[in-house]
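Here is target28.txt, consisting of compact mmCIF, C-alpha atoms:
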# COMPACT_ATOMS: atom_id res chain seq x y z
CA MET P 1 8.70 -4.13 2.30
CA VAL P 2 11.31 -1.90 3.83
CA PHE P 3 13.75 0.85 2.91
CA LEU P 4 17.47 0.25 3.30
CA ARG P 5 20.33 2.70 2.93
CA SER P 6 22.69 0.45 0.95
CA GLU P 7 23.55 -3.08 -0.12
CA GLU P 8 25.73 -3.32 2.99
CA HIS P 9 22.77 -2.46 5.24
CA LEU P 10 20.61 -4.93 3.32
CA SER P 11 23.09 -7.78 3.87
CA ARG P 12 23.46 -6.93 7.57
CA TRP P 13 19.67 -6.74 8.03
CA LEU P 14 19.13 -10.11 6.36
CA ASP P 15 21.92 -11.74 8.41
CA THR P 16 20.83 -10.21 11.72
CA ASN P 17 17.24 -11.38 11.28
CA GLY P 18 17.99 -14.72 9.63
CA TYR P 19 15.90 -13.77 6.59
CA GLU P 20 16.28 -15.43 3.23
CA PRO P 21 16.88 -12.77 0.55
CA GLY P 22 13.81 -11.88 -1.49
CA ALA P 23 13.90 -9.18 -4.15
CA THR P 24 15.60 -5.80 -4.10
CA LEU P 25 14.41 -2.81 -6.10
CA THR P 26 15.81 0.64 -6.52
CA VAL P 27 13.54 3.37 -5.19
CA PRO P 28 12.87 4.78 -8.69
CA LYS P 29 11.77 1.32 -9.85
CA MET P 30 9.53 0.84 -6.81
CA ASN P 31 8.11 4.31 -7.35
CA GLU P 32 7.20 3.44 -10.93
CA LEU P 33 5.60 0.16 -9.83
CA ALA P 34 3.64 1.76 -6.98
CA ARG P 35 2.57 4.73 -9.06
CA ARG P 36 1.27 2.65 -11.94
CA ARG P 37 -0.37 0.06 -9.69
CA TYR P 38 -2.18 2.65 -7.55
CA TRP P 39 -2.93 5.37 -10.13
CA THR P 40 -6.58 4.31 -10.49
CA LYS P 41 -7.30 3.59 -6.79
CA LEU P 42 -9.55 6.65 -6.50
CA ASP P 43 -11.27 6.37 -9.87
CA PRO P 44 -15.04 6.51 -9.26
CA GLY P 45 -15.51 3.44 -11.45
CA TRP P 46 -12.68 1.45 -9.85
CA GLU P 47 -13.04 -2.30 -9.98
CA PRO P 48 -10.62 -4.94 -8.73
CA PRO P 49 -7.79 -5.18 -11.25
CA ALA P 50 -7.48 -8.48 -13.04
CA GLN P 51 -4.53 -10.68 -12.18
CA ALA P 52 -3.43 -10.55 -15.82
CA GLU P 53 -3.24 -6.78 -15.58
CA PHE P 54 -0.86 -6.99 -12.61
CA GLU P 55 1.20 -9.65 -14.35
CA ALA P 56 1.48 -7.43 -17.41
CA LEU P 57 2.64 -4.48 -15.30
CA LEU P 58 5.28 -6.58 -13.56
CA GLY P 59 6.45 -7.85 -16.93
CA GLU P 60 6.67 -4.34 -18.40
CA LEU P 61 8.93 -3.36 -15.51
CA GLY P 62 11.11 -6.43 -15.98
CA LEU P 63 9.92 -7.99 -12.73
CA VAL P 64 9.74 -11.57 -13.87
CA GLY P 65 10.73 -14.96 -12.51
CA HIS P 66 9.60 -17.17 -9.66
CA PHE P 67 9.59 -14.43 -7.00
CA TRP P 68 7.25 -12.24 -9.05
CA SER P 69 4.98 -15.02 -10.25
CA LEU P 70 1.35 -14.76 -9.10
CA GLU P 71 0.76 -18.52 -9.40
CA MET G 1 -17.78 -7.75 -6.73
CA GLU G 2 -21.32 -6.49 -6.18
CA THR G 3 -22.22 -2.93 -7.16
CA PHE G 4 -23.24 -2.17 -3.57
CA ASP G 5 -19.83 -3.29 -2.28
CA LEU G 6 -18.04 -1.20 -4.92
CA ASP G 7 -20.10 1.80 -3.76
CA VAL G 8 -19.17 1.12 -0.14
CA ARG G 9 -15.51 0.71 -1.05
CA ARG G 10 -15.59 4.01 -2.97
CA HIS G 11 -17.18 5.74 0.03
CA VAL G 12 -14.47 4.37 2.33
CA TYR G 13 -11.66 5.54 0.06
CA PHE G 14 -13.17 8.96 -0.60
CA SER G 15 -13.80 9.43 3.14
CA ILE G 16 -10.15 8.64 3.83
CA VAL G 17 -9.05 11.34 1.40
CA ALA G 18 -11.57 13.84 2.78
CA ASN G 19 -11.17 13.15 6.49
CA GLY G 20 -7.80 11.45 6.89
CA ARG G 21 -9.37 8.31 8.32
CA PRO G 22 -11.76 5.59 7.24
CA PRO G 23 -15.42 5.82 8.19
CA THR G 24 -16.83 3.49 10.81
CA VAL G 25 -19.59 1.06 9.90
CA VAL G 26 -22.09 3.35 11.61
CA GLU G 27 -20.88 6.40 9.69
CA THR G 28 -21.07 4.54 6.39
CA ALA G 29 -24.53 3.24 7.26
CA GLU G 30 -25.67 6.80 7.90
CA ALA G 31 -24.19 7.95 4.58
CA PHE G 32 -26.02 5.19 2.71
CA GLY G 33 -29.22 5.31 4.76
CA SER G 34 -28.63 1.63 5.40
CA ASP G 35 -28.75 -0.74 8.29
CA ALA G 36 -25.39 -1.09 10.05
CA THR G 37 -25.53 -4.87 9.67
CA GLN G 38 -25.77 -4.49 5.90
CA ILE G 39 -22.68 -2.28 5.88
CA GLU G 40 -20.82 -4.57 8.26
CA ASP G 41 -21.50 -7.48 5.91
CA SER G 42 -20.22 -5.38 3.01
CA TYR G 43 -17.06 -4.44 4.93
CA ARG G 44 -16.50 -8.16 5.57
CA ARG G 45 -16.93 -9.05 1.89
CA LEU G 46 -14.55 -6.24 0.89
CA HIS G 47 -12.02 -7.53 3.40
CA GLU G 48 -12.30 -11.05 2.00
CA ALA G 49 -11.92 -9.67 -1.53
CA HIS G 50 -8.74 -7.81 -0.43
CA ALA G 51 -10.30 -4.43 -1.31
CA PHE G 52 -9.22 -3.30 2.17
CA VAL G 53 -8.18 -4.98 5.40
CA LEU G 54 -10.04 -4.99 8.72
CA PHE G 55 -8.40 -5.19 12.12
CA PRO G 56 -8.68 -8.80 13.32
CA ASP G 57 -12.10 -9.63 14.77
CA THR G 58 -13.44 -6.12 14.16
CA SER G 59 -15.24 -4.12 11.49
CA ASP G 60 -12.72 -1.29 11.64
CA VAL G 61 -10.53 -0.60 8.62
CA TRP G 62 -6.87 -1.32 9.33
CA MET G 63 -5.40 -0.90 5.84
CA ALA G 64 -6.89 0.56 2.69
CA HIS G 65 -3.83 0.36 0.50
CA PRO G 66 -1.79 2.51 0.34
CA TRP G 67 -2.99 3.84 3.68
CA CYS G 68 -2.55 2.18 7.06
CA PHE G 69 -4.41 3.12 10.24
CA SER G 70 -2.00 1.73 12.81
CA PRO G 71 1.52 2.95 13.50
CA THR G 72 4.30 2.04 11.04
CA PRO G 73 7.72 3.62 10.36
CA HIS G 74 6.43 5.16 7.11
CA ARG G 75 4.94 8.66 7.20
CA VAL G 76 3.99 10.47 4.01
CA GLU G 77 3.20 14.16 3.63
CA ALA G 78 0.94 14.62 0.62
CA ALA G 79 -2.13 16.63 -0.34
CA GLY G 80 -1.95 18.66 2.86
CA ARG G 81 -1.95 15.75 5.30
CA VAL G 82 0.50 13.41 6.96
CA TRP G 83 -0.46 9.80 6.23
CA THR G 84 0.79 6.45 7.44
CA ALA G 85 1.74 3.83 4.87
CA THR G 86 1.81 0.09 5.42
CA CYS G 87 5.21 -0.47 3.80
CA ALA G 88 7.79 1.02 1.46
CA TRP G 89 5.65 0.22 -1.60
CA ASP G 90 2.64 1.96 -0.11
CA ALA G 91 4.72 4.94 1.04
CA LEU G 92 5.59 5.54 -2.60
CA GLY G 93 2.03 4.63 -3.58
CA ILE G 94 0.40 7.47 -1.64
CA PRO G 95 1.63 10.26 -3.95
CA GLY G 96 0.63 8.08 -6.90
CA THR G 97 -2.83 7.42 -5.52
CA LEU G 98 -3.35 11.13 -4.85
CA HIS G 99 -1.80 12.13 -8.23
CA GLY G 100 0.50 14.57 -6.50
CA ASP G 101 3.85 15.14 -4.87
CA GLY G 102 4.90 13.61 -1.58
CA ARG G 103 7.58 13.64 1.10
CA ILE G 104 8.27 10.32 2.81
CA GLU G 105 9.88 10.10 6.24
CA SER G 106 10.85 6.56 7.12
CA GLU G 107 13.83 4.63 8.45
CA CYS G 108 16.48 2.19 7.32
CA ALA G 109 15.29 -1.24 8.43
CA CYS G 110 18.86 -2.17 9.33
CA CYS G 111 20.18 0.73 11.38
CA GLY G 112 17.00 2.67 12.15
CA GLU G 113 18.47 5.90 10.84
CA PRO G 114 15.88 8.24 9.34
CA VAL G 115 15.55 8.31 5.57
CA THR G 116 13.75 10.92 3.51
CA LEU G 117 12.38 10.56 0.01
CA VAL G 118 10.71 13.17 -2.14
CA VAL G 119 8.45 12.41 -5.08
CA ARG G 120 7.89 15.36 -7.37
CA ASP G 121 6.00 15.31 -10.67
CA GLY G 122 5.88 11.53 -10.49
CA VAL G 123 9.59 10.91 -10.14
CA VAL G 124 11.89 10.44 -7.17
CA ALA G 125 13.58 13.78 -6.59
CA ASP G 126 15.35 12.81 -3.36
CA GLY G 127 16.18 9.43 -1.83
CA GLY G 128 16.68 7.72 -5.16
CA ASP G 129 19.84 6.01 -3.91
CA LEU G 130 17.93 4.00 -1.30
CA LEU G 131 16.85 0.40 -1.78
CA VAL G 132 13.56 -1.39 -1.19
CA HIS G 133 13.60 -5.03 -0.18
CA LEU G 134 10.72 -7.48 -0.45
CA LEU G 135 11.05 -10.68 1.57
CA VAL G 136 7.89 -12.49 0.53
CA PRO G 137 7.15 -13.68 -3.02
CA VAL G 138 4.21 -11.89 -4.61
CA ARG G 139 1.92 -14.95 -4.67
CA ARG G 140 2.18 -15.23 -0.86
CA TRP G 141 1.54 -11.61 0.11
CA TRP G 142 -2.01 -12.21 1.27
CA GLU G 143 -0.94 -14.95 3.68
CA ASP G 144 0.12 -12.05 5.95
CA ILE G 145 -0.36 -8.73 4.22
CA GLY G 146 1.26 -6.92 7.15
CA PHE G 147 4.59 -8.70 6.51
CA THR G 148 5.79 -8.62 2.93
Translate the structure of the given file into structure tokens.
Amino acid sequence: MVFLRSEEHLSRWLDTNGYEPGATLTVPKMNELARRRYWTKLDPGWEPPAQAEFEALLGELGLVGHFWSLE
Amino acid sequence: METFDLDVRRHVYFSIVANGRPPTVVETAEAFGSDATQIEDSYRRLHEAHAFVLFPDTSDVWMAHPWCFSPTPHRVEAAGRVWTATCAWDALGIPGTLHGDGRIESECACCGEPVTLVVRDGVVADGGDLLVHLLVPVRRWWEDIGFT
């Protein structure tokens, strides 16, 4: 997962490397996803999050469809 | 996941926050008063459970998400240290993990120009016009967690 300055830079990067496009997020959206996903990483009672929990988070952020599917 | 492995994982993560690096197997064994082989086995199980990632063919921690312990383009200043993140997600994940603010110095994957992001009070205060691109569908991330 990489940062890109603009849609133009994204298109050029994909073309130059021969990559198929995946998914693009704004930085605020990625920040919300990362923050919510990692908020409990240092909890003393941390346990591996259930897949359903991750699916629910993705759904709450509107990240749905084949790319975001865990199956 | 076994209680012992959860304890080892917690020790690894708390050591990272305290010392800026993960503990070696020997250091963790000393902390637990355990045999190094027992800790090495636990590290291996935690790797296989994706709780953290070992360098290939070693018992040294490579990634404990969001942190990475090999060079990447993503450096994050947070909680009084400069950290390395595995990817754009993890760069933003470090302030979240530490429940604090952060300043991310990275680069545009296309042109290599430096980019700076600031996370303050949980929201992006600078760099919000940048994009993040994911190449690999979520279900395939663990096929090569270093390339997503």
Report as a tab-separated table the residues of stretch 12-44 of chain G within 12 Å of stretch 29-41 of chain P, each with its shortest atom pair and distance in Å (one decimal), using all atoms listed in the file, ordered by chain and increasing residue number.
residue	atom	partner	partner_atom	distance
G:Val12	CA	P:Lys41	CA	11.6
G:Tyr13	CA	P:Lys41	CA	8.4
G:Phe14	CA	P:Lys41	CA	10.1
G:Val17	CA	P:Lys41	CA	11.4
Close residues, G:Val61 itself excluded, 10 Å, all atoms listed in the file, min 2 positions apart in chain, as JSON, numbers by chain: {"G": [12, 21, 22, 23, 24, 25, 43, 47, 52, 53, 54, 55, 56, 58, 59, 63, 64, 68, 69, 70]}
Go ahead and write the residues just picked, C-alpha atoms, as a PDB file, keeping the file's coordinate frame.
ATOM      1  CA  VAL G  12     -14.470   4.370   2.330  1.00  0.00           C
ATOM      2  CA  ARG G  21      -9.370   8.310   8.320  1.00  0.00           C
ATOM      3  CA  PRO G  22     -11.760   5.590   7.240  1.00  0.00           C
ATOM      4  CA  PRO G  23     -15.420   5.820   8.190  1.00  0.00           C
ATOM      5  CA  THR G  24     -16.830   3.490  10.810  1.00  0.00           C
ATOM      6  CA  VAL G  25     -19.590   1.060   9.900  1.00  0.00           C
ATOM      7  CA  TYR G  43     -17.060  -4.440   4.930  1.00  0.00           C
ATOM      8  CA  HIS G  47     -12.020  -7.530   3.400  1.00  0.00           C
ATOM      9  CA  PHE G  52      -9.220  -3.300   2.170  1.00  0.00           C
ATOM     10  CA  VAL G  53      -8.180  -4.980   5.400  1.00  0.00           C
ATOM     11  CA  LEU G  54     -10.040  -4.990   8.720  1.00  0.00           C
ATOM     12  CA  PHE G  55      -8.400  -5.190  12.120  1.00  0.00           C
ATOM     13  CA  PRO G  56      -8.680  -8.800  13.320  1.00  0.00           C
ATOM     14  CA  THR G  58     -13.440  -6.120  14.160  1.00  0.00           C
ATOM     15  CA  SER G  59     -15.240  -4.120  11.490  1.00  0.00           C
ATOM     16  CA  MET G  63      -5.400  -0.900   5.840  1.00  0.00           C
ATOM     17  CA  ALA G  64      -6.890   0.560   2.690  1.00  0.00           C
ATOM     18  CA  CYS G  68      -2.550   2.180   7.060  1.00  0.00           C
ATOM     19  CA  PHE G  69      -4.410   3.120  10.240  1.00  0.00           C
ATOM     20  CA  SER G  70      -2.000   1.730  12.810  1.00  0.00           C
TER      21      SER G  70
END
Interface residues on chain P facing chain G, 6 Å, all atoms listed in the file, written as number ranges by chain: P: 1-5, 9, 13, 22-28, 31, 34-35, 38-39, 67-68, 70
Can those selected residues be exported to a file as a tab-separated table (two decimals), in the coordinates of the input so that it contains C-alpha atoms?
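The resulting selection.tsv:
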chain	number	residue	atom	x	y	z
P	1	MET	CA	8.70	-4.13	2.30
P	2	VAL	CA	11.31	-1.90	3.83
P	3	PHE	CA	13.75	0.85	2.91
P	4	LEU	CA	17.47	0.25	3.30
P	5	ARG	CA	20.33	2.70	2.93
P	9	HIS	CA	22.77	-2.46	5.24
P	13	TRP	CA	19.67	-6.74	8.03
P	22	GLY	CA	13.81	-11.88	-1.49
P	23	ALA	CA	13.90	-9.18	-4.15
P	24	THR	CA	15.60	-5.80	-4.10
P	25	LEU	CA	14.41	-2.81	-6.10
P	26	THR	CA	15.81	0.64	-6.52
P	27	VAL	CA	13.54	3.37	-5.19
P	28	PRO	CA	12.87	4.78	-8.69
P	31	ASN	CA	8.11	4.31	-7.35
P	34	ALA	CA	3.64	1.76	-6.98
P	35	ARG	CA	2.57	4.73	-9.06
P	38	TYR	CA	-2.18	2.65	-7.55
P	39	TRP	CA	-2.93	5.37	-10.13
P	67	PHE	CA	9.59	-14.43	-7.00
P	68	TRP	CA	7.25	-12.24	-9.05
P	70	LEU	CA	1.35	-14.76	-9.10
Distance of atom CA of G:Ile104 from atom CA of G:Ala78, expressed in Å to one decimal place: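 If I compute the distance from atom CA of G:Ala78 to atom CA of G:Ile104, I get 8.8 Å.
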d(atom CA of P:Ser69, atom CA of G:Trp67) in Å: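 It comes out at 24.8 Å.
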Distance in Å - atom CA of P:Leu57 versus atom CA of P:Asp43: 18.5 Å
Draw an axis-aligned box tight on the listed atoms of stretch 14-26 of chain P, then pad every side by 5 Å and write out centre and edge lengths in Å to one decimal as AutoDock Vina command-line options.
--center_x 17.9 --center_y -7.4 --center_z 2.6 --size_x 18.1 --size_y 26.1 --size_z 28.2
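Candidate residues P:Glu7, P:His66, P:Glu71, P:Pro21 were compared for distance to P:Ala52, and the nearest is P:Glu71, using only C-alpha atoms.
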Written record: stretch 8-57 of chain P, C-alpha atoms, as an mmCIF file, in the first residue's frame:
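Here's the written file result11.cif:
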data_model
loop_
_atom_site.group_PDB
_atom_site.id
_atom_site.type_symbol
_atom_site.label_atom_id
_atom_site.label_comp_id
_atom_site.auth_asym_id
_atom_site.auth_seq_id
_atom_site.Cartn_x
_atom_site.Cartn_y
_atom_site.Cartn_z
ATOM 1 C CA GLU P 8 -2.489 11.390 -12.457
ATOM 2 C CA HIS P 9 0.447 9.960 -10.483
ATOM 3 C CA LEU P 10 -1.611 6.868 -9.679
ATOM 4 C CA SER P 11 -2.364 6.216 -13.367
ATOM 5 C CA ARG P 12 1.273 6.764 -14.352
ATOM 6 C CA TRP P 13 2.505 4.460 -11.571
ATOM 7 C CA LEU P 14 0.111 1.682 -12.577
ATOM 8 C CA ASP P 15 1.045 2.028 -16.275
ATOM 9 C CA THR P 16 4.792 2.199 -15.653
ATOM 10 C CA ASN P 17 4.768 -0.940 -13.517
ATOM 11 C CA GLY P 18 2.147 -2.869 -15.470
ATOM 12 C CA TYR P 19 -0.036 -3.199 -12.368
ATOM 13 C CA GLU P 20 -3.737 -3.923 -12.519
ATOM 14 C CA PRO P 21 -5.639 -1.258 -10.551
ATOM 15 C CA GLY P 22 -6.708 -2.346 -7.079
ATOM 16 C CA ALA P 23 -8.483 0.024 -4.706
ATOM 17 C CA THR P 24 -7.841 3.692 -4.023
ATOM 18 C CA LEU P 25 -8.666 5.400 -0.753
ATOM 19 C CA THR P 26 -8.384 8.978 0.350
ATOM 20 C CA VAL P 27 -5.936 9.503 3.188
ATOM 21 C CA PRO P 28 -8.708 10.476 5.645
ATOM 22 C CA LYS P 29 -10.541 7.229 4.841
ATOM 23 C CA MET P 30 -7.365 5.165 5.238
ATOM 24 C CA ASN P 31 -6.642 6.966 8.498
ATOM 25 C CA GLU P 32 -10.068 6.040 9.830
ATOM 26 C CA LEU P 33 -9.623 2.415 8.768
ATOM 27 C CA ALA P 34 -6.118 2.134 10.219
ATOM 28 C CA ARG P 35 -7.036 3.917 13.425
ATOM 29 C CA ARG P 36 -10.066 1.755 14.125
ATOM 30 C CA ARG P 37 -8.340 -1.471 13.110
ATOM 31 C CA TYR P 38 -5.260 -0.834 15.267
ATOM 32 C CA TRP P 39 -6.783 1.004 18.243
ATOM 33 C CA THR P 40 -6.696 -2.096 20.467
ATOM 34 C CA LYS P 41 -3.272 -3.438 19.385
ATOM 35 C CA LEU P 42 -1.715 -2.552 22.744
ATOM 36 C CA ASP P 43 -4.617 -3.555 24.967
ATOM 37 C CA PRO P 44 -3.262 -5.907 27.660
ATOM 38 C CA GLY P 45 -6.079 -8.350 26.942
ATOM 39 C CA TRP P 46 -5.680 -8.225 23.160
ATOM 40 C CA GLU P 47 -6.765 -11.316 21.286
ATOM 41 C CA PRO P 48 -6.788 -11.911 17.536
ATOM 42 C CA PRO P 49 -9.781 -10.062 16.111
ATOM 43 C CA ALA P 50 -12.435 -12.239 14.549
ATOM 44 C CA GLN P 51 -12.818 -12.117 10.789
ATOM 45 C CA ALA P 52 -16.423 -10.998 11.232
ATOM 46 C CA GLU P 53 -15.194 -8.002 13.204
ATOM 47 C CA PHE P 54 -12.931 -6.921 10.342
ATOM 48 C CA GLU P 55 -15.706 -7.487 7.822
ATOM 49 C CA ALA P 56 -18.028 -5.330 9.901
ATOM 50 C CA LEU P 57 -15.465 -2.526 10.066
#
